[in-house]
$ cat coords.cif   # mmCIF, C-alpha atoms
data_my_file
loop_
_atom_site.group_PDB
_atom_site.id
_atom_site.type_symbol
_atom_site.label_atom_id
_atom_site.label_comp_id
_atom_site.auth_asym_id
_atom_site.auth_seq_id
_atom_site.Cartn_x
_atom_site.Cartn_y
_atom_site.Cartn_z
ATOM 1 C CA MET A 1393 68.544 64.810 80.280
ATOM 2 C CA ARG A 1394 65.389 65.628 82.229
ATOM 3 C CA SER A 1395 65.502 65.730 86.042
ATOM 4 C CA ARG A 1396 63.578 62.933 87.724
ATOM 5 C CA ILE A 1397 61.574 63.707 90.870
ATOM 6 C CA LEU A 1398 59.889 61.463 93.433
ATOM 7 C CA VAL A 1399 56.855 62.975 95.215
ATOM 8 C CA ILE A 1400 56.060 61.269 98.534
ATOM 9 C CA ASP A 1401 52.731 62.165 100.163
ATOM 10 C CA ASP A 1402 49.830 60.131 101.541
ATOM 11 C CA GLU A 1403 47.324 62.539 99.946
ATOM 12 C CA GLU A 1404 46.932 61.040 96.479
ATOM 13 C CA ALA A 1405 45.063 64.039 95.064
ATOM 14 C CA LEU A 1406 47.842 66.373 96.171
ATOM 15 C CA CYS A 1407 50.456 64.038 94.687
ATOM 16 C CA GLU A 1408 48.598 64.102 91.379
ATOM 17 C CA ILE A 1409 48.448 67.906 91.344
ATOM 18 C CA ILE A 1410 52.172 68.258 92.036
ATOM 19 C CA LYS A 1411 53.019 65.540 89.504
ATOM 20 C CA PHE A 1412 50.864 67.094 86.779
ATOM 21 C CA ASN A 1413 52.382 70.548 87.172
ATOM 22 C CA LEU A 1414 55.964 69.314 87.432
ATOM 23 C CA GLU A 1415 55.512 67.247 84.288
ATOM 24 C CA LYS A 1416 54.189 70.343 82.503
ATOM 25 C CA GLU A 1417 57.538 71.940 83.365
ATOM 26 C CA GLY A 1418 59.368 69.064 81.697
ATOM 27 C CA TYR A 1419 60.350 66.952 84.707
ATOM 28 C CA GLU A 1420 59.922 63.179 84.947
ATOM 29 C CA VAL A 1421 57.843 62.476 88.069
ATOM 30 C CA ASP A 1422 56.965 59.387 90.077
ATOM 31 C CA MET A 1423 54.674 59.177 93.107
ATOM 32 C CA ALA A 1424 54.725 57.230 96.362
ATOM 33 C CA LEU A 1425 51.804 57.354 98.796
ATOM 34 C CA SER A 1426 53.927 56.473 101.820
ATOM 35 C CA ALA A 1427 57.542 56.527 102.923
ATOM 36 C CA GLU A 1428 57.469 52.740 102.946
ATOM 37 C CA GLU A 1429 56.420 52.644 99.283
ATOM 38 C CA ALA A 1430 59.119 55.167 98.408
ATOM 39 C CA LEU A 1431 61.783 52.995 100.036
ATOM 40 C CA THR A 1432 60.845 50.069 97.771
ATOM 41 C CA LYS A 1433 61.869 52.130 94.726
ATOM 42 C CA ASP A 1434 65.334 52.533 93.275
ATOM 43 C CA LEU A 1435 66.104 55.878 94.912
ATOM 44 C CA THR A 1436 69.306 56.311 92.923
ATOM 45 C CA ARG A 1437 67.180 57.138 89.864
ATOM 46 C CA TYR A 1438 65.982 60.444 91.310
ATOM 47 C CA ASP A 1439 67.433 63.941 91.330
ATOM 48 C CA LEU A 1440 65.046 65.285 93.973
ATOM 49 C CA PHE A 1441 62.630 64.059 96.654
ATOM 50 C CA ILE A 1442 59.545 66.136 97.594
ATOM 51 C CA VAL A 1443 58.400 64.693 100.917
ATOM 52 C CA ASP A 1444 55.393 65.185 103.187
ATOM 53 C CA ILE A 1445 56.175 64.833 106.895
ATOM 54 C CA MET A 1446 53.010 63.595 108.602
ATOM 55 C CA MET A 1447 52.409 60.147 107.145
ATOM 56 C CA ASP A 1448 51.058 56.950 108.682
ATOM 57 C CA LYS A 1449 53.920 54.712 109.846
ATOM 58 C CA LEU A 1450 57.183 56.176 108.662
ATOM 59 C CA SER A 1451 57.207 59.980 108.657
ATOM 60 C CA GLY A 1452 58.935 62.207 106.155
ATOM 61 C CA PHE A 1453 61.616 62.793 108.776
ATOM 62 C CA ASP A 1454 62.143 59.018 108.966
ATOM 63 C CA PHE A 1455 62.487 58.844 105.186
ATOM 64 C CA ALA A 1456 65.052 61.657 105.210
ATOM 65 C CA ARG A 1457 67.138 59.933 107.889
ATOM 66 C CA ILE A 1458 67.152 56.666 105.964
ATOM 67 C CA ALA A 1459 67.993 58.416 102.689
ATOM 68 C CA LYS A 1460 70.854 60.380 104.237
ATOM 69 C CA GLU A 1461 72.306 57.158 105.665
ATOM 70 C CA ASN A 1462 72.360 55.608 102.173
ATOM 71 C CA GLN A 1463 75.679 56.487 100.558
ATOM 72 C CA ASP A 1464 74.165 56.214 97.073
ATOM 73 C CA VAL A 1465 71.495 58.876 97.658
ATOM 74 C CA GLU A 1466 72.825 60.937 100.571
ATOM 75 C CA GLU A 1467 73.493 63.877 98.238
ATOM 76 C CA THR A 1468 70.052 63.784 96.599
ATOM 77 C CA PRO A 1469 68.246 66.992 97.645
ATOM 78 C CA ILE A 1470 65.057 66.859 99.715
ATOM 79 C CA ILE A 1471 62.241 69.402 99.888
ATOM 80 C CA PHE A 1472 59.841 68.920 102.781
ATOM 81 C CA CYS A 1473 56.254 69.919 101.988
ATOM 82 C CA SER A 1474 54.187 69.894 105.155
ATOM 83 C CA ALA A 1475 51.324 71.388 107.139
ATOM 84 C CA LEU A 1476 53.686 71.582 110.125
ATOM 85 C CA VAL A 1477 54.425 75.304 110.330
ATOM 86 C CA GLY A 1478 56.197 75.499 113.699
ATOM 87 C CA GLU A 1479 59.726 76.892 113.720
ATOM 88 C CA ASP A 1480 61.017 73.829 115.578
ATOM 89 C CA ASP A 1481 59.655 71.520 112.866
ATOM 90 C CA LYS A 1482 61.269 73.563 110.106
ATOM 91 C CA VAL A 1483 64.623 73.797 111.856
ATOM 92 C CA PHE A 1484 64.543 70.073 112.639
ATOM 93 C CA GLY A 1485 63.831 69.237 109.004
ATOM 94 C CA LEU A 1486 66.592 71.498 107.720
ATOM 95 C CA ASN A 1487 69.043 70.071 110.231
ATOM 96 C CA LEU A 1488 68.235 66.597 108.924
ATOM 97 C CA GLY A 1489 69.760 67.756 105.668
ATOM 98 C CA ALA A 1490 66.693 68.981 103.774
ATOM 99 C CA ASP A 1491 67.382 71.648 101.169
ATOM 100 C CA ASP A 1492 64.078 73.505 101.555
ATOM 101 C CA TYR A 1493 60.806 73.455 103.493
ATOM 102 C CA ILE A 1494 57.445 74.445 101.992
ATOM 103 C CA THR A 1495 54.428 74.907 104.236
ATOM 104 C CA LYS A 1496 50.901 73.904 103.270
ATOM 105 C CA PRO A 1497 48.762 75.410 101.887
ATOM 106 C CA PHE A 1498 51.049 76.414 99.038
ATOM 107 C CA THR A 1499 50.721 77.647 95.492
ATOM 108 C CA VAL A 1500 51.882 75.616 92.510
ATOM 109 C CA SER A 1501 54.072 78.516 91.393
ATOM 110 C CA GLU A 1502 55.849 78.453 94.753
ATOM 111 C CA VAL A 1503 56.563 74.722 94.477
ATOM 112 C CA LEU A 1504 57.886 75.096 90.929
ATOM 113 C CA ALA A 1505 60.133 77.997 91.938
ATOM 114 C CA ARG A 1506 61.554 76.073 94.907
ATOM 115 C CA VAL A 1507 62.158 72.977 92.771
ATOM 116 C CA ARG A 1508 64.022 74.999 90.148
ATOM 117 C CA ALA A 1509 66.184 76.675 92.801
ATOM 118 C CA VAL A 1510 67.053 73.445 94.614
ATOM 119 C CA LEU A 1511 67.878 71.555 91.408
ATOM 120 C CA ARG A 1512 70.003 74.470 90.207
ATOM 121 C CA ARG A 1513 72.016 74.498 93.445
ATOM 122 C CA SER A 1514 72.336 70.714 93.386
ATOM 123 C CA SER A 1515 73.586 70.770 89.798
ATOM 124 C CA MET A 1516 76.225 73.399 90.556
ATOM 125 C CA MET A 1517 77.422 71.495 93.617
ATOM 126 C CA SER A 1518 77.634 68.294 91.602
ATOM 127 C CA MET A 1519 79.716 70.025 88.937
ATOM 128 C CA SER A 1520 82.019 71.372 91.608
ATOM 129 C CA ARG A 1521 82.528 67.925 93.156
ATOM 130 C CA ARG A 1522 83.270 66.334 89.780
ATOM 131 C CA GLY A 1523 85.790 69.029 88.954
ATOM 132 C CA SER A 1524 84.108 69.645 85.606
ATOM 133 C CA GLY A 1525 83.034 73.205 86.257
ATOM 134 C CA GLU A 1526 86.078 75.015 84.855
ATOM 135 C CA ASN A 1527 83.856 77.435 82.939
ATOM 136 C CA THR A 1528 81.736 78.146 85.971
ATOM 137 C CA PRO A 1529 82.884 81.161 88.023
ATOM 138 C CA ALA A 1530 84.584 79.867 91.169
ATOM 139 C CA VAL A 1531 82.422 82.089 93.348
ATOM 140 C CA ILE A 1532 79.254 80.158 92.497
ATOM 141 C CA PRO A 1533 80.147 76.770 94.049
ATOM 142 C CA ALA A 1534 81.587 78.609 97.061
ATOM 143 C CA LYS A 1535 78.335 80.506 97.444
ATOM 144 C CA VAL A 1536 76.310 77.312 97.213
ATOM 145 C CA GLU A 1537 78.429 75.682 99.909
ATOM 146 C CA GLU A 1538 77.986 78.760 102.076
ATOM 147 C CA GLU A 1539 74.209 78.636 101.617
ATOM 148 C CA LYS A 1540 74.183 75.010 102.700
ATOM 149 C CA LYS A 1541 76.304 75.798 105.767
ATOM 150 C CA GLU A 1542 73.954 78.642 106.634
ATOM 151 C CA THR A 1543 70.957 76.326 106.364
ATOM 152 C CA MET A 1544 72.585 73.885 108.778
ATOM 153 C CA HIS A 1545 73.744 76.591 111.196
ATOM 154 C CA PRO A 1546 71.953 76.356 114.561
ATOM 155 C CA ASN A 1547 71.049 80.064 114.380
ATOM 156 C CA PHE A 1548 69.412 79.739 110.952
ATOM 157 C CA GLU A 1549 65.741 80.738 111.038
ATOM 158 C CA PRO A 1550 63.388 79.357 108.367
ATOM 159 C CA ASP A 1551 61.261 81.706 106.274
ATOM 160 C CA LEU A 1552 57.728 82.406 107.467
ATOM 161 C CA VAL A 1553 55.387 81.764 104.551
ATOM 162 C CA TYR A 1554 51.692 82.248 103.903
ATOM 163 C CA LYS A 1555 50.761 81.523 100.285
ATOM 164 C CA THR A 1556 52.906 83.976 98.247
ATOM 165 C CA LEU A 1557 53.739 86.124 101.270
ATOM 166 C CA ARG A 1558 57.255 85.375 102.544
ATOM 167 C CA LEU A 1559 59.153 86.804 105.500
ATOM 168 C CA ASN A 1560 62.869 86.014 105.540
ATOM 169 C CA GLN A 1561 63.908 85.993 109.196
ATOM 170 C CA ASN A 1562 67.602 86.011 108.348
ATOM 171 C CA THR A 1563 67.715 88.956 105.941
ATOM 172 C CA LYS A 1564 64.663 90.634 107.553
ATOM 173 C CA GLU A 1565 63.043 91.054 104.147
ATOM 174 C CA CYS A 1566 59.430 90.654 103.066
ATOM 175 C CA THR A 1567 58.215 89.665 99.606
ATOM 176 C CA ILE A 1568 54.782 89.175 98.052
ATOM 177 C CA ASP A 1569 54.705 87.292 94.745
ATOM 178 C CA ASP A 1570 58.533 87.658 94.784
ATOM 179 C CA ASN A 1571 58.176 91.458 94.892
ATOM 180 C CA HIS A 1572 59.993 93.289 97.690
ATOM 181 C CA VAL A 1573 57.833 94.976 100.346
ATOM 182 C CA ASP A 1574 59.540 97.794 102.232
ATOM 183 C CA LEU A 1575 58.774 97.416 105.952
ATOM 184 C CA THR A 1576 59.973 99.391 108.935
ATOM 185 C CA LYS A 1577 61.394 97.404 111.850
ATOM 186 C CA THR A 1578 58.129 97.739 113.770
ATOM 187 C CA GLU A 1579 56.075 96.631 110.752
ATOM 188 C CA TYR A 1580 58.415 93.678 110.261
ATOM 189 C CA ASP A 1581 58.097 92.697 113.929
ATOM 190 C CA LEU A 1582 54.308 92.993 113.740
ATOM 191 C CA LEU A 1583 54.063 90.830 110.630
ATOM 192 C CA ARG A 1584 56.417 88.266 112.165
ATOM 193 C CA PHE A 1585 54.220 88.176 115.274
ATOM 194 C CA PHE A 1586 51.062 87.543 113.235
ATOM 195 C CA LEU A 1587 52.667 84.846 111.043
ATOM 196 C CA LEU A 1588 53.963 83.050 114.128
ATOM 197 C CA HIS A 1589 50.656 83.313 115.994
ATOM 198 C CA ARG A 1590 47.924 82.433 113.516
ATOM 199 C CA GLY A 1591 44.459 81.253 114.434
ATOM 200 C CA ARG A 1592 44.079 83.147 117.707
ATOM 201 C CA VAL A 1593 42.942 86.638 118.678
ATOM 202 C CA TYR A 1594 45.538 88.682 120.570
ATOM 203 C CA SER A 1595 44.833 91.759 122.660
ATOM 204 C CA ARG A 1596 46.760 94.968 122.164
ATOM 205 C CA SER A 1597 48.590 94.386 125.445
ATOM 206 C CA GLU A 1598 49.754 90.946 124.259
ATOM 207 C CA ILE A 1599 50.947 92.361 120.945
ATOM 208 C CA LYS A 1600 52.603 95.275 122.738
ATOM 209 C CA LYS A 1601 54.491 92.919 125.055
ATOM 210 C CA ASP A 1602 55.904 90.914 122.152
ATOM 211 C CA VAL A 1603 56.570 93.638 119.568
ATOM 212 C CA TRP A 1604 57.428 96.712 121.627
ATOM 213 C CA SER A 1605 58.814 94.874 124.666
ATOM 214 C CA THR A 1606 59.961 97.507 127.179
ATOM 215 C CA THR A 1607 58.976 100.523 125.074
ATOM 216 C CA VAL A 1608 55.890 102.366 126.287
ATOM 217 C CA VAL A 1609 53.358 102.830 123.482
ATOM 218 C CA SER A 1610 49.670 103.679 123.350
ATOM 219 C CA ASP A 1611 46.898 101.573 121.847
ATOM 220 C CA ARG A 1612 46.570 104.265 119.203
ATOM 221 C CA THR A 1613 50.207 103.716 118.159
ATOM 222 C CA ILE A 1614 49.591 99.986 117.821
ATOM 223 C CA ASP A 1615 46.494 100.603 115.695
ATOM 224 C CA ALA A 1616 48.352 103.088 113.472
ATOM 225 C CA ASN A 1617 51.232 100.688 112.820
ATOM 226 C CA ILE A 1618 48.859 97.830 111.989
ATOM 227 C CA THR A 1619 46.942 100.094 109.600
ATOM 228 C CA ARG A 1620 50.181 100.997 107.773
ATOM 229 C CA LEU A 1621 51.211 97.331 107.656
ATOM 230 C CA ARG A 1622 47.859 96.349 106.146
ATOM 231 C CA ARG A 1623 48.271 98.898 103.356
ATOM 232 C CA LYS A 1624 51.725 97.559 102.495
ATOM 233 C CA MET A 1625 50.536 93.935 102.477
ATOM 234 C CA GLY A 1626 48.281 94.477 99.461
ATOM 235 C CA ILE A 1627 46.129 91.400 98.816
ATOM 236 C CA TYR A 1628 47.029 90.041 102.262
ATOM 237 C CA GLY A 1629 46.119 93.201 104.162
ATOM 238 C CA GLY A 1630 42.708 91.775 105.036
ATOM 239 C CA CYS A 1631 44.310 88.781 106.719
ATOM 240 C CA ILE A 1632 45.017 90.966 109.752
ATOM 241 C CA GLU A 1633 41.529 91.085 111.198
ATOM 242 C CA THR A 1634 40.242 93.530 113.792
ATOM 243 C CA ARG A 1635 38.114 91.914 116.494
ATOM 244 C CA THR A 1636 36.296 94.767 118.191
ATOM 245 C CA GLY A 1637 36.664 94.598 121.948
ATOM 246 C CA PHE A 1638 39.290 91.834 121.724
ATOM 247 C CA GLY A 1639 42.213 92.854 119.511
ATOM 248 C CA TYR A 1640 43.668 91.447 116.294
ATOM 249 C CA SER A 1641 44.187 88.084 114.620
ATOM 250 C CA PHE A 1642 45.766 86.714 111.453
ATOM 251 C CA LYS A 1643 42.968 85.149 109.439
ATOM 252 C CA GLU A 1644 44.068 82.401 107.037
ATOM 253 C CA ASN A 1645 42.218 81.259 103.908
ATOM 254 C CA LEU A 1646 40.862 84.725 103.317
ATOM 255 C CA GLY A 1647 38.069 84.535 100.811
#
$ encode --input "coords.cif" --output "structure tokens"
Amino acid sequence: MRSRILVIDDEEALCEIIKFNLEKEGYEVDMALSAEEALTKDLTRYDLFIVDIMMDKLSGFDFARIAKENQDVEETPIIFCSALVGEDDKVFGLNLGADDYITKPFTVSEVLARVRAVLRRSSMMSMSRRGSGENTPAVIPAKVEEEKKETMHPNFEPDLVYKTLRLNQNTKECTIDDNHVDLTKTEYDLLRFFLLHRGRVYSRSEIKKDVWSTTVVSDRTIDANITRLRRKMGIYGGCIETRTGFGYSFKENLG
């Protein structure tokens, strides 16, 4: 039986793109252009909700609260898909019970990968609850439950994502197109700084204060570490832009 997904977003064109690509993967997909419209549907029919946050009257957060209060759909997984990239927004969404959080802009391949992962976890948890998973190794349901607890833990930090670049703040790992990128601690801290502070130019002294804290380093050391980080970032190396006389910035939507 094919999984059925409800995509909720007030951008119709974006809904259509997600719907088209999910259907190509074999899913059954419905759309709702507002949380209010979504709530008029029979939510028990769906195996997953993909929800925008910033909508007109009811937000995606409002939809999630209402869904989680409905005993018939409280276990249905939710993926937030939003332009809100702040850590507080991500943590708030995950603490509402969301199973994942994708930041816009995103790639279709990223959405498809997240959907597969969430549905796989949901299926294993459902099997565990029904007691019909005798042939499934016992460690798998336990691991899934542990992942969910970790997501809800107050110290959980959401991944920092830019397109196919992902920085896992919990495991301290970096991947590009799902390929591991080996970073030193300083390179990791630098990349984390840039992903958290996009759209503004920062001086070397500001970067030094955040990344090196009490350690005394020269401007030349900062420049050398950023140069090494750029090389390791491959296609995203050019996103770290040098602004002569000012410092550095993380430039999004690199042409």
$ resolve_selection --input "coords.cif" --expression "the PyMOL selection byres ((chain A and resi 1491) around 10)" --output "list in words"
Leu1440, Thr1468, Pro1469, Ile1470, Ile1471, Phe1472, Gly1485, Leu1486, Asn1487, Leu1488, Gly1489, Ala1490, Asp1492, Tyr1493, Arg1506, Val1507, Ala1509, Val1510, Leu1511, Arg1513, Ser1514, Glu1539, Lys1540, Thr1543 and Met1544 of chain A
$ residues_around --input "coords.cif" --residues "Lys1624 in chain A" --least-positions-apart "4" --cutoff "9 Å" --atoms "only C-alpha atoms" --output "ChimeraX atom specification"
/A:1573-1575,1619-1620,1628-1629
$ residues_around --input "coords.cif" --residues "Asn1462 in chain A" --least-positions-apart "5" --cutoff "12 Å" --atoms "only C-alpha atoms" --output "list in words"
Leu1431, Asp1434, Leu1435, Thr1436, Phe1455, Ala1456, Arg1457, Glu1467 and Thr1468 of chain A
$ write_last_selection --input "coords.cif" --atoms "C-alpha atoms" --output "PDB file, in the coordinates of the input"
ATOM      1  CA  LEU A1431      61.783  52.995 100.036  1.00  0.00           C
ATOM      2  CA  ASP A1434      65.334  52.533  93.275  1.00  0.00           C
ATOM      3  CA  LEU A1435      66.104  55.878  94.912  1.00  0.00           C
ATOM      4  CA  THR A1436      69.306  56.311  92.923  1.00  0.00           C
ATOM      5  CA  PHE A1455      62.487  58.844 105.186  1.00  0.00           C
ATOM      6  CA  ALA A1456      65.052  61.657 105.210  1.00  0.00           C
ATOM      7  CA  ARG A1457      67.138  59.933 107.889  1.00  0.00           C
ATOM      8  CA  GLU A1467      73.493  63.877  98.238  1.00  0.00           C
ATOM      9  CA  THR A1468      70.052  63.784  96.599  1.00  0.00           C
TER      10      THR A1468
END
$ atom_distance --input "coords.cif" --atom1 "CA of Ala1430 in chain A" --atom2 "CA of Glu1403 in chain A"
14.0 Å
$ closest_residue --input "coords.cif" --among "A:Arg1437, A:Gly1639, A:Thr1567, A:Ile1445" --to "Asp1401 in chain A" --atoms "all atoms listed in the file"
A:Ile1445
$ residues_around --input "coords.cif" --residues "range 1630-1636 of chain A" --least-positions-apart "2" --cutoff "12 Å" --atoms "only C-alpha atoms" --output "number ranges by chain"
A: 1554-1555, 1557, 1582-1587, 1589-1596, 1615, 1617-1628, 1638-1647
$ atom_distance --input "coords.cif" --atom1 "CA of Ala1424 in chain A" --atom2 "CA of Val1465 in chain A"
16.9 Å
$ atom_distance --input "coords.cif" --atom1 "CA of Glu1579 in chain A" --atom2 "CA of Phe1498 in chain A"
23.9 Å
$ closest_residue --input "coords.cif" --among "A:Ala1505, A:Val1443, A:Met1517, A:Ile1400" --to "Thr1556 in chain A" --atoms "only C-alpha atoms"
A:Ala1505
$ build_atoms --input "coords.cif" --residues "range 1553-1566 of chain A" --atoms "N, CA and C atoms" --output "PDB file, in the coordinates of the input"
ATOM      1  N   VAL A1553      56.057  81.710 105.852  1.00  0.00           N
ATOM      2  CA  VAL A1553      55.387  81.764 104.551  1.00  0.00           C
ATOM      3  C   VAL A1553      53.881  81.586 104.712  1.00  0.00           C
ATOM      4  N   TYR A1554      53.135  82.443 104.044  1.00  0.00           N
ATOM      5  CA  TYR A1554      51.692  82.248 103.903  1.00  0.00           C
ATOM      6  C   TYR A1554      51.348  82.513 102.446  1.00  0.00           C
ATOM      7  N   LYS A1555      51.016  81.423 101.726  1.00  0.00           N
ATOM      8  CA  LYS A1555      50.761  81.523 100.285  1.00  0.00           C
ATOM      9  C   LYS A1555      51.957  82.184  99.601  1.00  0.00           C
ATOM     10  N   THR A1556      51.776  83.334  98.927  1.00  0.00           N
ATOM     11  CA  THR A1556      52.906  83.976  98.247  1.00  0.00           C
ATOM     12  C   THR A1556      53.538  85.085  99.078  1.00  0.00           C
ATOM     13  N   LEU A1557      53.138  85.175 100.336  1.00  0.00           N
ATOM     14  CA  LEU A1557      53.739  86.124 101.270  1.00  0.00           C
ATOM     15  C   LEU A1557      54.893  85.421 101.981  1.00  0.00           C
ATOM     16  N   ARG A1558      56.076  86.011 101.944  1.00  0.00           N
ATOM     17  CA  ARG A1558      57.255  85.375 102.544  1.00  0.00           C
ATOM     18  C   ARG A1558      58.020  86.386 103.391  1.00  0.00           C
ATOM     19  N   LEU A1559      58.366  85.973 104.602  1.00  0.00           N
ATOM     20  CA  LEU A1559      59.153  86.804 105.500  1.00  0.00           C
ATOM     21  C   LEU A1559      60.457  86.062 105.787  1.00  0.00           C
ATOM     22  N   ASN A1560      61.554  86.620 105.323  1.00  0.00           N
ATOM     23  CA  ASN A1560      62.869  86.014 105.540  1.00  0.00           C
ATOM     24  C   ASN A1560      63.412  86.510 106.871  1.00  0.00           C
ATOM     25  N   GLN A1561      63.499  85.601 107.851  1.00  0.00           N
ATOM     26  CA  GLN A1561      63.908  85.993 109.196  1.00  0.00           C
ATOM     27  C   GLN A1561      65.412  86.219 109.321  1.00  0.00           C
ATOM     28  N   ASN A1562      66.156  85.819 108.301  1.00  0.00           N
ATOM     29  CA  ASN A1562      67.602  86.011 108.348  1.00  0.00           C
ATOM     30  C   ASN A1562      68.014  87.342 107.731  1.00  0.00           C
ATOM     31  N   THR A1563      67.403  87.681 106.591  1.00  0.00           N
ATOM     32  CA  THR A1563      67.715  88.956 105.941  1.00  0.00           C
ATOM     33  C   THR A1563      66.751  90.063 106.352  1.00  0.00           C
ATOM     34  N   LYS A1564      65.687  89.670 107.096  1.00  0.00           N
ATOM     35  CA  LYS A1564      64.663  90.634 107.553  1.00  0.00           C
ATOM     36  C   LYS A1564      63.949  91.295 106.382  1.00  0.00           C
ATOM     37  N   GLU A1565      63.709  90.528 105.335  1.00  0.00           N
ATOM     38  CA  GLU A1565      63.043  91.054 104.147  1.00  0.00           C
ATOM     39  C   GLU A1565      61.685  90.394 103.951  1.00  0.00           C
ATOM     40  N   CYS A1566      60.775  91.149 103.359  1.00  0.00           N
ATOM     41  CA  CYS A1566      59.430  90.654 103.066  1.00  0.00           C
ATOM     42  C   CYS A1566      59.200  90.722 101.562  1.00  0.00           C
TER      43      CYS A1566
END
